[in-house]
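J.: There's a structure below that I have some questions on.
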Amino acid sequence: HMANLEFANAAQCDYLSLRQWDQDDPYDFTGDHVVIPGGNARLVDALTKDLKIWYEHRVKAITSAASFGATGVIVHCEEGVDIVADVVLVTVPLGVLKKENIAFAPALPTRKLQAIQNINFGILNKVVMVFPKRFWDE
């Protein structure tokens, strides 16, 4: 059981939080694992069809526009670009949050900061092999 936990979390059990290690369990997908033909990018492309996505911009700060009496957010990039938006979805690696490479104004709530510091991570490599036809017994 411990080996399975370490595999699934890409970390040794000594570094897992007893309170948070299985926080995603209620949201797990059931059934067999699947591979999307053509890759996951097809799904992402469909979901973001009408959205403006900014690539290759290093974010240094995210500021609530409420600080200026407005609504929305301002994303400050190292390239000198400021992106103004209604909302922002931050999807950076945990290591970026742990190193505090992005400043948030106002600061993230204490409970979020504690969760960022308490959760560890490791490396998990997954290999998917697709064969043109089944050659193994069911």
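Residues in the structure tokens are numbered from 1 in each chain, the chains being A, B, ... in the order shown, and ligands are numbered from 1 in the order shown.
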Extract the full set of strand (DSSP E or B) residues from chain A according to DSSP on the backbone, and format it as an NGL selection string.
T.: :A and (59-64 or 73-77 or 82-85 or 103-105)
J.: When you draw a straight line from CA of Ala61 (chain A) to CA of Glu100 (chain A), how long is it in Å?
T.: 10.0 Å
J.: Counting only C-alpha atoms, which residue out of A:Lys60, A:Lys133, A:Lys126, A:His76 sits closest to Ala103 (chain A)?
T.: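 Closest to Ala103 (chain A), using only C-alpha atoms: A:Lys60.
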J.: For CA of Arg111 (chain A) and CA of Ser64 (chain A), quote the distance in Å rounded to one decimal.
T.: 18.9 Å
J.: In terms of the shortest atom-to-atom distance over only C-alpha atoms, which of A:Val88, A:Ala10, A:Val73, A:Val128 is closest to His33 (chain A)?
T.: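 The closest residue to His33 (chain A) is A:Val128.
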J.: Using only C-alpha atoms, which protein or nucleic acid residues come within 8 Å of Val59 (chain A)? Drop anything in the same chain fewer than 4 positions from it, and give the result as JSON, numbers by chain.
T.: {"A": [75, 76, 77, 78, 102]}
J.: Just want the 10 Å neighbourhood of Asn120 (chain A), counted on only C-alpha atoms, with same-chain residues fewer than 2 positions away dropped. Output as a list in words.
T.: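 Selected residues are Asn9, Ala10, Ala11, Gln12, Tyr15, Leu16, Ser17, Trp21, Leu94, Gly95, Lys98, Ala115, Ile116, Gln117, Asn118 and Gly122 of chain A.
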J.: Using only N, CA and C atoms, please write the residues we just selected to a file, as an mmCIF file, in the first residue's frame.
T.:
```cif
data_model
loop_
_atom_site.group_PDB
_atom_site.id
_atom_site.type_symbol
_atom_site.label_atom_id
_atom_site.label_comp_id
_atom_site.auth_asym_id
_atom_site.auth_seq_id
_atom_site.Cartn_x
_atom_site.Cartn_y
_atom_site.Cartn_z
ATOM 1 N N ASN A 9 1.824 9.516 -5.745
ATOM 2 C CA ASN A 9 2.111 10.886 -5.322
ATOM 3 C C ASN A 9 3.500 11.365 -5.693
ATOM 4 N N ALA A 10 4.295 10.484 -6.288
ATOM 5 C CA ALA A 10 5.655 10.826 -6.701
ATOM 6 C C ALA A 10 6.466 11.398 -5.545
ATOM 7 N N ALA A 11 6.271 10.823 -4.367
ATOM 8 C CA ALA A 11 7.005 11.273 -3.181
ATOM 9 C C ALA A 11 7.019 10.147 -2.158
ATOM 10 N N GLN A 12 8.022 10.166 -1.309
ATOM 11 C CA GLN A 12 8.073 9.197 -0.226
ATOM 12 C C GLN A 12 6.976 9.494 0.786
ATOM 13 N N TYR A 15 7.058 12.286 3.288
ATOM 14 C CA TYR A 15 6.860 13.661 2.846
ATOM 15 C C TYR A 15 5.415 13.959 2.461
ATOM 16 N N LEU A 16 4.519 13.003 2.645
ATOM 17 C CA LEU A 16 3.114 13.221 2.301
ATOM 18 C C LEU A 16 2.364 13.787 3.499
ATOM 19 N N SER A 17 1.433 14.648 3.242
ATOM 20 C CA SER A 17 0.592 15.205 4.290
ATOM 21 C C SER A 17 -0.566 14.248 4.530
ATOM 22 N N TRP A 21 -3.033 14.248 1.336
ATOM 23 C CA TRP A 21 -2.498 13.401 0.273
ATOM 24 C C TRP A 21 -3.573 12.869 -0.655
ATOM 25 N N LEU A 94 3.950 23.701 -8.792
ATOM 26 C CA LEU A 94 4.014 23.952 -7.358
ATOM 27 C C LEU A 94 5.341 24.587 -6.953
ATOM 28 N N GLY A 95 6.434 24.204 -7.602
ATOM 29 C CA GLY A 95 7.742 24.762 -7.286
ATOM 30 C C GLY A 95 7.799 26.270 -7.487
ATOM 31 N N LYS A 98 6.116 27.671 -4.469
ATOM 32 C CA LYS A 98 6.962 27.503 -3.287
ATOM 33 C C LYS A 98 8.093 28.533 -3.256
ATOM 34 N N ALA A 115 -0.827 25.512 2.642
ATOM 35 C CA ALA A 115 -0.955 24.322 1.799
ATOM 36 C C ALA A 115 0.207 24.239 0.813
ATOM 37 N N ILE A 116 0.574 25.373 0.218
ATOM 38 C CA ILE A 116 1.701 25.396 -0.721
ATOM 39 C C ILE A 116 2.976 24.935 -0.030
ATOM 40 N N GLN A 117 3.216 25.391 1.181
ATOM 41 C CA GLN A 117 4.426 25.008 1.911
ATOM 42 C C GLN A 117 4.375 23.565 2.410
ATOM 43 N N ASN A 118 3.185 23.063 2.743
ATOM 44 C CA ASN A 118 3.059 21.727 3.320
ATOM 45 C C ASN A 118 3.100 20.605 2.289
ATOM 46 N N GLY A 122 7.376 15.163 -6.192
ATOM 47 C CA GLY A 122 8.521 14.437 -6.731
ATOM 48 C C GLY A 122 8.374 14.342 -8.238
#
```
J.: From the list A:Thr110, A:Cys13, A:Asn101, A:Leu89, which residue is nearest Lys52 (chain A) when using only C-alpha atoms?
T.: A:Leu89
J.: Give me every alpha helix (DSSP H) residue in chain A, going by DSSP on the backbone, as number ranges by chain.
T.: A: 2-9, 41-47, 94-98, 110-118
J.: For CA of Leu51 (chain A) and CA of Val96 (chain A), determine how far apart the two atoms are, in Å to one decimal place.
T.: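 The value is 24.3 Å.
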